[in-house]
Amino acid sequence: MLVSTRMVRGAPLGLRQGVSAAVIRLRPSSTASYTERQNQTGRPISPHLTIYKWPVAALSSISTRLTGVAMMVGMSGIGGLALVGADVPGLVTAFQTSFPALVPVGKVAVAFPLTYHYLSALRHTYWDFTAAGLELGSVRASSWGLFGGAAAISLGLAAVTL
């Protein structure tokens, strides 16, 4: 893109009378598309999601949001079923008797979002009140600990039979 400037006298955009202002007009250098112009530069395009190596801290942050959304959807669904008169405890019992092999999977599916989101909230509360542990190495270690701790607690809760 070429940039052209010209001086304007007067009061453009609320400027005082007699003050000069530069007006910049951008005009395309050719009729080629953006992709064609980028290909001509020979520079690589920015990394795509499929080849980008996500930092564990970013995955931890995304997982916190996803577990929050999953819990909200699940609890809204259960609340909606209860509002229309469904017997939610009866549905859980029917699932347990119909698919006994999937009961531990269902327990982990419920326990993991709860434990992960709760542990993540504890970590963020600690960060908010102490401002400690925010170095890159500490964040990386606490993210791995968060994943591991939530998985271990979830598996432990799935093993419990009431």
# chains A, B, ... in the order shown; residues from 1 in each chain; ligands from 1
>>> residues_around(residues="A:Val92", least_positions_apart="4", cutoff="12 Å", atoms="only C-alpha atoms", output="PyMOL selection string")
chain A and resi 78+86-88+96-100+102-103+106-107
>>> residues_around(residues="stretch 134-144 of chain A", least_positions_apart="2", cutoff="8 Å", atoms="only C-alpha atoms", output="PyMOL selection string")
chain A and resi 56-57+60+127+131-132+146-148
>>> atom_distance(atom1="atom CA of A:Ala70", atom2="atom CA of A:Ala109")
9.9 Å
>>> residues_around(residues="A:Met71", least_positions_apart="6", cutoff="9 Å", atoms="only C-alpha atoms", output="list in words")
Val110, Pro113 and Leu114 of chain A
>>> write_last_selection(atoms="N, CA and C atoms", output="PDB file, in the first residue's frame")
ATOM      1  N   VAL A 110     -18.695 -36.227  35.737  1.00  0.00           N
ATOM      2  CA  VAL A 110     -19.265 -35.244  36.657  1.00  0.00           C
ATOM      3  C   VAL A 110     -18.195 -34.706  37.601  1.00  0.00           C
ATOM      4  N   PRO A 113     -15.014 -31.955  35.990  1.00  0.00           N
ATOM      5  CA  PRO A 113     -15.265 -30.503  35.891  1.00  0.00           C
ATOM      6  C   PRO A 113     -15.398 -29.825  37.254  1.00  0.00           C
ATOM      7  N   LEU A 114     -16.047 -30.507  38.193  1.00  0.00           N
ATOM      8  CA  LEU A 114     -16.208 -29.917  39.523  1.00  0.00           C
ATOM      9  C   LEU A 114     -14.865 -29.734  40.218  1.00  0.00           C
TER      10      LEU A 114
END
>>> atom_distance(atom1="atom CA of A:Gly74", atom2="atom CA of A:Leu157")
18.4 Å
